[in-house]
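Undergrad: For reference, the file model_6.txt (compact mmCIF, C-alpha atoms) is included below:
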```
# COMPACT_ATOMS: atom_id res chain seq x y z
CA MET A 1043 20.56 306.21 105.76
CA ARG A 1044 18.86 309.61 105.89
CA ARG A 1045 17.56 310.49 109.33
CA LEU A 1046 13.87 311.34 109.49
CA ALA A 1047 12.60 314.52 111.12
CA PRO A 1048 10.15 314.01 114.05
CA TYR A 1049 7.16 315.01 111.93
CA GLN A 1050 8.22 312.58 109.17
CA THR A 1051 8.45 309.76 111.69
CA GLY A 1052 5.00 310.66 113.02
CA LEU A 1053 3.50 310.62 109.53
CA TRP A 1054 5.11 307.27 108.77
CA LEU A 1055 3.73 305.76 111.97
CA ALA A 1056 0.26 307.20 111.34
CA GLU A 1057 0.15 305.95 107.78
CA TYR A 1058 1.54 302.44 108.11
CA LEU A 1059 1.29 301.33 111.76
CA ASP A 1060 -1.65 303.16 113.32
CA ILE A 1061 -4.84 301.47 112.09
CA ARG A 1062 -7.15 303.99 113.76
CA CYS A 1063 -8.76 307.04 112.18
CA GLN A 1064 -6.71 310.14 112.91
CA LEU A 1065 -9.88 312.04 113.81
CA CYS A 1066 -12.33 309.75 115.63
CA ARG A 1067 -9.72 307.09 116.54
CA VAL A 1068 -12.00 304.27 115.30
CA TYR A 1069 -10.52 301.47 113.18
CA ARG A 1070 -10.13 302.58 109.57
CA SER A 1071 -10.24 300.14 106.69
CA SER A 1072 -11.05 302.12 103.55
CA PRO A 1073 -8.10 302.57 101.16
CA GLN A 1074 -7.16 306.13 100.28
CA SER A 1075 -7.76 305.41 96.59
CA GLN A 1076 -11.33 304.31 97.32
CA LEU A 1077 -12.08 307.44 99.33
CA LEU A 1078 -10.88 309.63 96.45
CA GLN A 1079 -12.91 307.73 93.86
CA SER A 1080 -16.09 307.50 95.90
CA GLN A 1081 -16.40 310.99 97.38
CA SER A 1082 -18.29 312.27 94.33
CA THR A 1083 -20.60 309.24 94.02
CA LEU A 1084 -21.37 307.97 97.53
CA ASN A 1085 -24.50 309.19 99.28
CA SER A 1086 -24.74 309.69 103.03
CA ASN A 1087 -25.81 306.09 103.67
CA ASP A 1088 -22.97 304.62 101.61
CA ALA A 1089 -20.48 306.85 103.40
CA LEU A 1090 -21.07 304.94 106.62
CA ASN A 1091 -19.91 301.68 105.07
CA THR A 1092 -16.19 301.18 105.66
CA ASN A 1093 -15.91 297.70 104.17
CA THR A 1094 -13.72 297.40 101.07
CA VAL A 1095 -13.29 294.73 98.47
CA PHE A 1096 -9.98 294.03 96.82
CA ARG A 1097 -9.82 291.95 93.65
CA PRO A 1098 -6.26 291.34 92.43
CA SER A 1099 -5.76 290.68 88.75
CA ASN A 1100 -3.77 287.55 89.57
CA ASN A 1101 -6.02 284.48 89.76
CA ASN A 1102 -3.66 282.63 92.08
CA PRO A 1103 -5.49 282.19 95.46
CA LEU A 1104 -2.22 282.14 97.39
CA SER A 1105 -1.10 285.36 95.74
CA ALA A 1106 -4.43 286.96 96.58
CA LYS A 1107 -4.07 286.02 100.25
CA LEU A 1108 -0.64 287.64 100.37
CA ILE A 1109 -1.42 290.72 98.32
CA GLN A 1110 -4.71 291.72 99.93
CA PRO A 1111 -3.34 292.35 103.47
CA ALA A 1112 -0.41 294.27 102.03
CA TYR A 1113 -2.78 296.33 99.88
CA HIS A 1114 -4.88 297.32 102.88
CA LEU A 1115 -1.79 298.08 104.97
CA LEU A 1116 -0.15 300.36 102.41
CA ASN A 1117 -3.25 302.11 101.07
CA ARG A 1118 -5.42 302.92 104.08
CA GLY A 1119 -6.71 306.46 104.24
CA LEU A 1120 -5.69 308.46 107.28
CA LEU A 1121 -9.37 309.02 108.11
CA CYS A 1122 -12.13 306.43 108.25
CA ALA A 1123 -14.85 306.60 105.61
CA HIS A 1124 -17.38 308.13 108.04
CA CYS A 1125 -15.07 311.02 109.03
CA HIS A 1126 -13.90 311.49 105.45
CA HIS A 1127 -17.42 311.90 104.10
CA SER A 1128 -18.48 314.15 106.98
CA ILE A 1129 -16.15 316.84 105.59
CA ALA A 1130 -17.16 318.94 102.58
CA TRP A 1131 -14.28 318.56 100.14
CA LEU A 1132 -13.27 320.78 97.24
CA PRO A 1133 -15.42 323.91 97.50
CA LYS A 1134 -15.89 325.84 94.29
CA PRO A 1135 -12.65 327.66 93.28
CA PHE A 1136 -12.65 331.45 93.58
CA GLU A 1137 -10.65 334.02 91.66
CA VAL A 1138 -8.66 337.14 92.55
CA ASP A 1139 -7.26 339.71 90.13
CA ILE A 1140 -3.48 339.91 89.90
CA SER A 1141 -3.16 342.30 86.94
CA ALA A 1142 -5.25 343.92 84.23
CA GLY A 1143 -7.14 341.13 82.50
CA THR A 1144 -5.44 338.39 84.53
CA SER A 1145 -6.94 336.51 87.46
CA LEU A 1146 -5.67 333.79 89.77
CA SER A 1147 -7.85 330.75 90.47
CA ILE A 1148 -7.63 329.42 94.03
CA GLN A 1149 -8.75 325.87 94.83
CA ALA A 1150 -9.07 324.83 98.48
CA ALA A 1151 -9.21 321.27 99.74
CA THR A 1152 -12.08 322.08 102.09
CA TYR A 1153 -13.64 324.86 104.18
CA TYR A 1154 -11.96 326.46 107.18
CA ASP A 1155 -14.30 324.67 109.57
CA TYR A 1156 -14.06 321.80 112.04
CA PRO A 1157 -11.96 319.67 112.04
CA ILE A 1158 -9.50 321.26 109.61
CA ARG A 1159 -9.54 324.65 111.33
CA GLN A 1160 -8.64 323.15 114.70
CA ALA A 1161 -5.97 320.94 113.14
CA ILE A 1162 -4.34 323.86 111.28
CA ARG A 1163 -4.34 326.08 114.37
CA ALA A 1164 -2.88 323.37 116.60
CA PHE A 1165 -0.15 322.51 114.11
CA LYS A 1166 0.63 326.08 113.08
CA HIS A 1167 0.54 327.88 116.42
CA HIS A 1168 1.33 325.12 118.93
CA GLU A 1169 3.51 322.81 116.81
CA ASP A 1170 1.14 319.92 117.51
CA ILE A 1171 2.55 317.28 115.18
CA THR A 1172 -0.26 314.85 116.04
CA LYS A 1173 -2.60 316.97 113.86
CA LEU A 1174 -0.37 316.67 110.81
CA PRO A 1175 -1.88 313.38 109.52
CA ILE A 1176 -5.32 315.06 109.28
CA LEU A 1177 -3.78 317.86 107.23
CA LEU A 1178 -1.97 315.33 105.05
CA HIS A 1179 -5.30 313.65 104.38
CA ALA A 1180 -6.70 317.04 103.30
CA ILE A 1181 -3.71 317.68 101.04
CA ARG A 1182 -4.43 314.43 99.21
CA GLN A 1183 -7.90 315.67 98.26
CA LEU A 1184 -6.46 318.49 96.13
CA PRO A 1185 -6.84 317.56 92.45
CA ARG A 1186 -3.57 317.26 90.55
CA PRO A 1187 -3.46 320.05 87.93
CA ARG A 1188 -3.98 318.73 84.43
CA GLY A 1189 -0.91 318.67 82.24
CA CYS A 1190 1.44 319.43 85.14
CA HIS A 1191 4.38 317.16 85.90
CA HIS A 1192 7.89 317.35 87.34
CA ASP A 1193 9.42 318.66 84.10
CA ASN A 1194 7.10 321.57 83.35
CA SER A 1195 5.80 322.72 86.74
CA VAL A 1196 6.94 323.77 90.21
CA ILE A 1197 5.14 324.32 93.51
CA VAL A 1198 5.72 327.74 95.08
CA ALA A 1199 4.99 327.60 98.81
CA MET A 1200 3.95 330.81 100.54
CA PRO A 1201 7.26 332.09 101.96
CA THR A 1202 7.59 333.26 105.55
CA THR A 1203 9.80 335.99 106.99
CA ASN A 1204 13.02 335.30 108.86
CA GLN A 1205 11.57 337.08 111.88
CA ARG A 1206 8.49 334.86 111.93
CA LEU A 1207 10.59 331.76 111.37
CA VAL A 1208 12.78 332.56 114.38
CA LYS A 1209 9.75 333.35 116.55
CA ARG A 1210 7.80 330.21 115.58
CA GLY A 1211 10.80 327.88 115.29
CA PHE A 1212 9.55 326.13 112.17
CA ASP A 1213 7.74 326.84 108.90
CA PRO A 1214 4.39 324.98 108.79
CA VAL A 1215 3.62 325.89 105.16
CA SER A 1216 7.00 324.52 104.08
CA ILE A 1217 6.23 321.17 105.74
CA LEU A 1218 2.77 321.00 104.18
CA SER A 1219 4.04 321.97 100.73
CA ALA A 1220 6.70 319.26 100.95
CA GLN A 1221 3.90 316.73 101.41
CA LEU A 1222 2.02 318.20 98.44
CA SER A 1223 5.19 317.97 96.37
CA LYS A 1224 5.55 314.31 97.30
CA HIS A 1225 1.87 313.62 96.54
CA TRP A 1226 1.87 315.32 93.11
CA ARG A 1227 5.50 314.43 92.32
CA ILE A 1228 6.14 318.03 91.36
CA PRO A 1229 9.24 319.79 92.77
CA LEU A 1230 9.24 322.77 95.09
CA TRP A 1231 10.84 326.04 93.99
CA GLN A 1232 12.06 328.67 96.45
CA GLY A 1233 12.78 331.69 94.30
CA VAL A 1234 10.68 334.21 96.23
CA MET A 1235 11.62 335.94 99.48
CA ARG A 1236 9.22 337.59 101.93
CA VAL A 1237 10.11 340.97 103.38
CA ASP A 1238 10.36 341.19 107.17
CA ASP A 1239 8.49 344.48 107.64
CA THR A 1240 4.98 343.09 107.10
CA ILE A 1241 2.73 342.13 110.00
CA SER A 1242 0.63 338.99 110.39
CA GLN A 1243 -2.45 338.82 108.16
CA GLN A 1244 -4.56 337.27 110.91
CA GLY A 1245 -7.43 339.51 112.02
CA LEU A 1246 -7.02 342.10 109.24
CA THR A 1247 -9.78 343.15 106.83
CA ARG A 1248 -9.34 342.48 103.12
CA ALA A 1249 -8.34 346.11 102.46
CA GLU A 1250 -5.83 345.99 105.31
CA ARG A 1251 -4.47 342.68 104.03
CA LEU A 1252 -3.91 344.09 100.55
CA SER A 1253 -2.23 347.21 101.92
CA ASN A 1254 -0.08 345.18 104.27
CA LEU A 1255 1.16 343.01 101.41
CA ASP A 1256 2.28 345.84 99.14
CA ASN A 1257 5.88 345.00 98.16
CA ALA A 1258 5.87 342.07 100.60
CA PHE A 1259 7.54 339.67 98.16
CA VAL A 1260 10.79 339.87 96.25
CA LEU A 1261 11.63 337.67 93.27
CA ILE A 1262 15.14 336.30 93.75
CA GLU A 1263 15.36 334.53 90.40
CA ASN A 1264 13.14 333.80 87.44
CA PRO A 1265 11.12 330.58 87.68
CA PRO A 1266 12.68 327.65 85.81
CA VAL A 1267 9.37 326.59 84.21
CA LYS A 1268 6.19 328.21 82.91
CA ARG A 1269 3.63 326.55 85.16
CA LEU A 1270 3.64 327.80 88.74
CA LEU A 1271 1.43 326.21 91.39
CA LEU A 1272 1.11 328.49 94.41
CA PHE A 1273 0.30 326.98 97.80
CA ASP A 1274 -0.76 328.32 101.20
CA ASP A 1275 -2.31 326.70 104.24
CA VAL A 1276 -5.34 329.02 104.54
CA ALA A 1277 -6.71 331.38 101.91
CA THR A 1278 -9.08 333.58 103.91
CA THR A 1279 -9.49 336.29 101.28
CA GLY A 1280 -6.76 335.17 98.90
CA ALA A 1281 -4.81 338.39 99.49
CA SER A 1282 -1.48 336.68 100.21
CA LEU A 1283 -1.72 334.42 97.17
CA GLN A 1284 -2.84 337.42 95.13
CA ALA A 1285 0.26 339.42 96.12
CA LEU A 1286 2.52 336.44 95.48
CA GLY A 1287 0.90 335.91 92.09
CA ARG A 1288 1.50 339.52 91.12
CA VAL A 1289 5.22 339.18 91.73
CA LEU A 1290 5.42 335.93 89.78
CA SER A 1291 3.26 337.12 86.87
CA VAL A 1292 5.99 339.48 85.68
CA PRO A 1293 9.52 338.07 85.11
CA LYS A 1294 12.48 339.93 86.63
CA ALA A 1295 14.07 341.19 83.45
CA THR A 1296 12.00 341.34 80.27
CA THR A 1297 11.85 343.56 77.25
CA LEU A 1298 8.60 344.77 75.76
CA ASP A 1299 9.00 342.33 72.86
CA ASN A 1300 9.39 339.15 74.91
CA GLN A 1301 7.24 340.06 77.90
CA ASN A 1302 4.21 338.12 76.65
CA HIS A 1303 6.42 335.18 75.70
CA ASN A 1304 7.79 334.97 79.25
CA LYS A 1305 4.43 335.08 81.04
CA HIS A 1306 3.82 332.23 83.43
CA SER A 1307 0.74 330.10 83.96
CA LEU A 1308 -0.40 330.53 87.56
CA SER A 1309 -2.85 328.60 89.69
CA ALA A 1310 -3.19 328.50 93.47
CA TYR A 1311 -4.13 325.91 96.08
CA ALA A 1312 -4.82 325.96 99.81
CA LEU A 1313 -5.86 323.56 102.53
CA ALA A 1314 -8.88 325.60 103.55
CA HIS A 1315 -10.94 328.65 102.61
CA GLY A 1316 -13.93 330.40 104.18
CA SER A 1317 -16.79 328.63 105.93
CA GLN A 1318 -19.30 326.16 104.60
CA PRO A 1319 -22.50 327.93 103.48
```
Go ahead and render the structure in this file as structure tokens.
TA:
Amino acid sequence: MRRLAPYQTGLWLAEYLDIRCQLCRVYRSSPQSQLLQSQSTLNSNDALNTNTVFRPSNNNPLSAKLIQPAYHLLNRGLLCAHCHHSIAWLPKPFEVDISAGTSLSIQAATYYDYPIRQAIRAFKHHEDITKLPILLHAIRQLPRPRGCHHDNSVIVAMPTTNQRLVKRGFDPVSILSAQLSKHWRIPLWQGVMRVDDTISQQGLTRAERLSNLDNAFVLIENPPVKRLLLFDDVATTGASLQALGRVLSVPKATTLDNQNHNKHSLSAYALAHGSQP
């Protein structure tokens, strides 16, 4: 039997054994599927109602009594309905240019505000695994790209440098992207390497970010599919995803005749972006 990493064990416990909201710690009863379906239709008054109704297709009363508790156990959201609807999900996507006539669309799960900002910082800079369930809940709000599946698409997580990996001791984006891969059932692809001579993007202006990321990524091998889904934890200005997209938009070895044929379809996703207006 495969041994689980500590963060995997924590996620398993939070999802299946801990019946409290991972944010306010109040009992949560709304299934994840209901939160996803209702976030675009519920008003503020409905959002406070955490009661759910389950109607199994089987008319057998005994079957219903057995299935309903199992349904609630296996499908609870990691946040209660009140906390879920207090967060502004899926801000409008924004675009960055990656080449002449080509732009990259970036969709964030939410804004870089409370509580996601605090959860990302605690997990990323202090290795606080207890914040991971909140981030997993945010990951599950990202809409699955249309037409993308495990045979025609891969997820490209923002790579880190060896120096940063040694200093931090773990790669937070890799852990988050693994959860996105599991959620979308689309494999990860690690064909891009990040050069060690770049500094952290935190605190830099957009111009400084773009300059800092010149030649920051190296393509190790050509992607195995045409549809590439880029992922990062925070897209402040989109500069990192923009630089990564530029490397991936041009295959390693192409002739002038087949260059257009080998172009890849790129889209980008992040946990958070900007602040709520």
Undergrad: If we count only C-alpha atoms, what is near stretch 1192-1207 of chain A at a cut-off of 6 Å, once residues fewer than 3 positions away on the same chain are taken out, given as a PDB file with C-alpha atoms, keeping the file's coordinate frame?
TA:
```
ATOM      1  CA  ARG A1210       7.800 330.210 115.580  1.00  0.00           C
ATOM      2  CA  GLY A1211      10.800 327.880 115.290  1.00  0.00           C
ATOM      3  CA  PHE A1212       9.550 326.130 112.170  1.00  0.00           C
ATOM      4  CA  ILE A1228       6.140 318.030  91.360  1.00  0.00           C
ATOM      5  CA  PRO A1229       9.240 319.790  92.770  1.00  0.00           C
ATOM      6  CA  LEU A1230       9.240 322.770  95.090  1.00  0.00           C
ATOM      7  CA  TRP A1231      10.840 326.040  93.990  1.00  0.00           C
ATOM      8  CA  ARG A1236       9.220 337.590 101.930  1.00  0.00           C
ATOM      9  CA  ASP A1238      10.360 341.190 107.170  1.00  0.00           C
ATOM     10  CA  VAL A1267       9.370 326.590  84.210  1.00  0.00           C
ATOM     11  CA  ARG A1269       3.630 326.550  85.160  1.00  0.00           C
ATOM     12  CA  LEU A1270       3.640 327.800  88.740  1.00  0.00           C
ATOM     13  CA  LEU A1271       1.430 326.210  91.390  1.00  0.00           C
ATOM     14  CA  LEU A1272       1.110 328.490  94.410  1.00  0.00           C
ATOM     15  CA  PHE A1273       0.300 326.980  97.800  1.00  0.00           C
ATOM     16  CA  ASP A1274      -0.760 328.320 101.200  1.00  0.00           C
TER      17      ASP A1274
END
```
Undergrad: With distances taken over all atoms listed in the file, which of A:Arg1227, A:Lys1268, A:Arg1188, A:His1315 is nearest to A:Ala1150?
TA: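 Once distances to A:Ala1150 are computed over all atoms listed in the file, the minimum belongs to A:His1315.
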Undergrad: Can you pull out every residue within 10 Å of A:Ala1314, counting only C-alpha atoms, but drop anything in the same chain fewer than 6 positions away, and send it as an mmCIF file with C-alpha atoms, in the frame of the given file?
TA:
```cif
data_model
loop_
_atom_site.group_PDB
_atom_site.id
_atom_site.type_symbol
_atom_site.label_atom_id
_atom_site.label_comp_id
_atom_site.auth_asym_id
_atom_site.auth_seq_id
_atom_site.Cartn_x
_atom_site.Cartn_y
_atom_site.Cartn_z
ATOM 1 C CA TRP A 1131 -14.280 318.560 100.140
ATOM 2 C CA LEU A 1132 -13.270 320.780 97.240
ATOM 3 C CA PRO A 1133 -15.420 323.910 97.500
ATOM 4 C CA GLN A 1149 -8.750 325.870 94.830
ATOM 5 C CA ALA A 1150 -9.070 324.830 98.480
ATOM 6 C CA ALA A 1151 -9.210 321.270 99.740
ATOM 7 C CA THR A 1152 -12.080 322.080 102.090
ATOM 8 C CA TYR A 1153 -13.640 324.860 104.180
ATOM 9 C CA TYR A 1154 -11.960 326.460 107.180
ATOM 10 C CA ASP A 1155 -14.300 324.670 109.570
ATOM 11 C CA ILE A 1158 -9.500 321.260 109.610
ATOM 12 C CA ARG A 1159 -9.540 324.650 111.330
ATOM 13 C CA ILE A 1162 -4.340 323.860 111.280
ATOM 14 C CA LEU A 1177 -3.780 317.860 107.230
ATOM 15 C CA ALA A 1180 -6.700 317.040 103.300
ATOM 16 C CA ILE A 1181 -3.710 317.680 101.040
ATOM 17 C CA ASP A 1274 -0.760 328.320 101.200
ATOM 18 C CA ASP A 1275 -2.310 326.700 104.240
ATOM 19 C CA VAL A 1276 -5.340 329.020 104.540
ATOM 20 C CA ALA A 1277 -6.710 331.380 101.910
ATOM 21 C CA THR A 1278 -9.080 333.580 103.910
#
```
Undergrad: Atom CA of A:Lys1305 to atom CA of A:Gly1233: how many Å, to one decimal?
TA: 16.0 Å
Undergrad: List every protein, DNA or RNA residue that has at least one atom no more than 12 Å from (-3.6, 318.1, 114.2) in the file's coordinates, counting only C-alpha atoms, and write the result as a PyMOL selection string.
TA: chain A and resi 1049+1052-1053+1056+1064-1065+1156-1180+1214
Undergrad: Quick one: pull the distance between atom CA of A:Gly1316 and atom CA of A:Ala1258, Å, one decimal.
TA: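 Atom CA of A:Gly1316 sits 23.3 Å away from atom CA of A:Ala1258.
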Undergrad: Which residue, A:Ala1130, A:Leu1120, A:Cys1125, A:Cys1066, has the smallest gap to A:Gln1318 when you use all atoms listed in the file?
TA: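 Distance minimum relative to A:Gln1318 lands on A:Ala1130.
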Undergrad: Could you check the closest approach to A:Pro1185 for each of A:His1225, A:His1306, A:His1127, A:Arg1070 and tell me which residue wins, using all atoms listed in the file?
TA: A:His1225
Undergrad: If you measure from atom CA of A:Leu1121 to atom CA of A:Leu1077, what distance in Å do you get, rounded to one decimal?
TA: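 Value for the atom CA of A:Leu1121-atom CA of A:Leu1077 distance: 9.3 Å.
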Undergrad: Of the residues A:His1191, A:Arg1288, A:Arg1182, A:His1124, which is the one nearest to A:Ala1312, using all atoms listed in the file?
TA: A:Arg1182
Undergrad: Using only C-alpha atoms, pick whichever of A:Leu1313, A:Gln1232, A:Ser1282, A:Gly1287 has the shortest atom-to-atom distance to A:Pro1265.
TA: A:Gln1232
Undergrad: Using all atoms listed in the file, can you tell me which of A:Val1208, A:Trp1226, A:Ala1047, A:Ser1141 comes closest to A:Cys1190?
TA: A:Trp1226
Undergrad: Please reconstruct the missing atoms of stretch 1159-1176 of chain A (target: N, CA and C atoms) and return them as a PDB file, in the frame of the given file.
TA:
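Okay, this is what ended up in selection-v7.pdb:
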```pdb
ATOM      1  N   ARG A1159      -9.935 323.406 110.667  1.00  0.00           N
ATOM      2  CA  ARG A1159      -9.540 324.650 111.330  1.00  0.00           C
ATOM      3  C   ARG A1159      -8.783 324.370 112.621  1.00  0.00           C
ATOM      4  N   GLN A1160      -9.305 323.471 113.440  1.00  0.00           N
ATOM      5  CA  GLN A1160      -8.640 323.150 114.700  1.00  0.00           C
ATOM      6  C   GLN A1160      -7.290 322.474 114.455  1.00  0.00           C
ATOM      7  N   ALA A1161      -7.220 321.622 113.434  1.00  0.00           N
ATOM      8  CA  ALA A1161      -5.970 320.940 113.140  1.00  0.00           C
ATOM      9  C   ALA A1161      -4.905 321.921 112.647  1.00  0.00           C
ATOM     10  N   ILE A1162      -5.296 322.855 111.797  1.00  0.00           N
ATOM     11  CA  ILE A1162      -4.340 323.860 111.280  1.00  0.00           C
ATOM     12  C   ILE A1162      -3.839 324.741 112.414  1.00  0.00           C
ATOM     13  N   ARG A1163      -4.746 325.199 113.266  1.00  0.00           N
ATOM     14  CA  ARG A1163      -4.340 326.080 114.370  1.00  0.00           C
ATOM     15  C   ARG A1163      -3.404 325.371 115.338  1.00  0.00           C
ATOM     16  N   ALA A1164      -3.722 324.115 115.667  1.00  0.00           N
ATOM     17  CA  ALA A1164      -2.880 323.370 116.600  1.00  0.00           C
ATOM     18  C   ALA A1164      -1.493 323.131 116.026  1.00  0.00           C
ATOM     19  N   PHE A1165      -1.435 322.775 114.749  1.00  0.00           N
ATOM     20  CA  PHE A1165      -0.150 322.510 114.110  1.00  0.00           C
ATOM     21  C   PHE A1165       0.640 323.805 113.899  1.00  0.00           C
ATOM     22  N   LYS A1166      -0.038 324.841 113.455  1.00  0.00           N
ATOM     23  CA  LYS A1166       0.630 326.080 113.080  1.00  0.00           C
ATOM     24  C   LYS A1166       1.085 326.907 114.279  1.00  0.00           C
ATOM     25  N   HIS A1167       0.245 326.987 115.309  1.00  0.00           N
ATOM     26  CA  HIS A1167       0.540 327.880 116.420  1.00  0.00           C
ATOM     27  C   HIS A1167       1.088 327.163 117.661  1.00  0.00           C
ATOM     28  N   HIS A1168       0.870 325.851 117.747  1.00  0.00           N
ATOM     29  CA  HIS A1168       1.330 325.120 118.930  1.00  0.00           C
ATOM     30  C   HIS A1168       2.257 323.957 118.570  1.00  0.00           C
ATOM     31  N   GLU A1169       2.602 323.851 117.291  1.00  0.00           N
ATOM     32  CA  GLU A1169       3.510 322.810 116.810  1.00  0.00           C
ATOM     33  C   GLU A1169       3.037 321.414 117.257  1.00  0.00           C
ATOM     34  N   ASP A1170       1.725 321.204 117.157  1.00  0.00           N
ATOM     35  CA  ASP A1170       1.140 319.920 117.510  1.00  0.00           C
ATOM     36  C   ASP A1170       1.246 318.979 116.312  1.00  0.00           C
ATOM     37  N   ILE A1171       2.279 318.158 116.309  1.00  0.00           N
ATOM     38  CA  ILE A1171       2.550 317.280 115.180  1.00  0.00           C
ATOM     39  C   ILE A1171       1.487 316.195 115.038  1.00  0.00           C
ATOM     40  N   THR A1172       0.754 315.901 116.117  1.00  0.00           N
ATOM     41  CA  THR A1172      -0.260 314.850 116.040  1.00  0.00           C
ATOM     42  C   THR A1172      -1.407 315.228 115.100  1.00  0.00           C
ATOM     43  N   LYS A1173      -1.536 316.524 114.783  1.00  0.00           N
ATOM     44  CA  LYS A1173      -2.600 316.970 113.860  1.00  0.00           C
ATOM     45  C   LYS A1173      -2.154 316.906 112.405  1.00  0.00           C
ATOM     46  N   LEU A1174      -0.884 316.663 112.174  1.00  0.00           N
ATOM     47  CA  LEU A1174      -0.370 316.670 110.810  1.00  0.00           C
ATOM     48  C   LEU A1174      -0.990 315.604 109.916  1.00  0.00           C
ATOM     49  N   PRO A1175      -1.244 314.378 110.406  1.00  0.00           N
ATOM     50  CA  PRO A1175      -1.880 313.380 109.520  1.00  0.00           C
ATOM     51  C   PRO A1175      -3.240 313.819 108.981  1.00  0.00           C
ATOM     52  N   ILE A1176      -4.029 314.561 109.769  1.00  0.00           N
ATOM     53  CA  ILE A1176      -5.320 315.060 109.280  1.00  0.00           C
ATOM     54  C   ILE A1176      -5.090 316.040 108.134  1.00  0.00           C
TER      55      ILE A1176
END
```
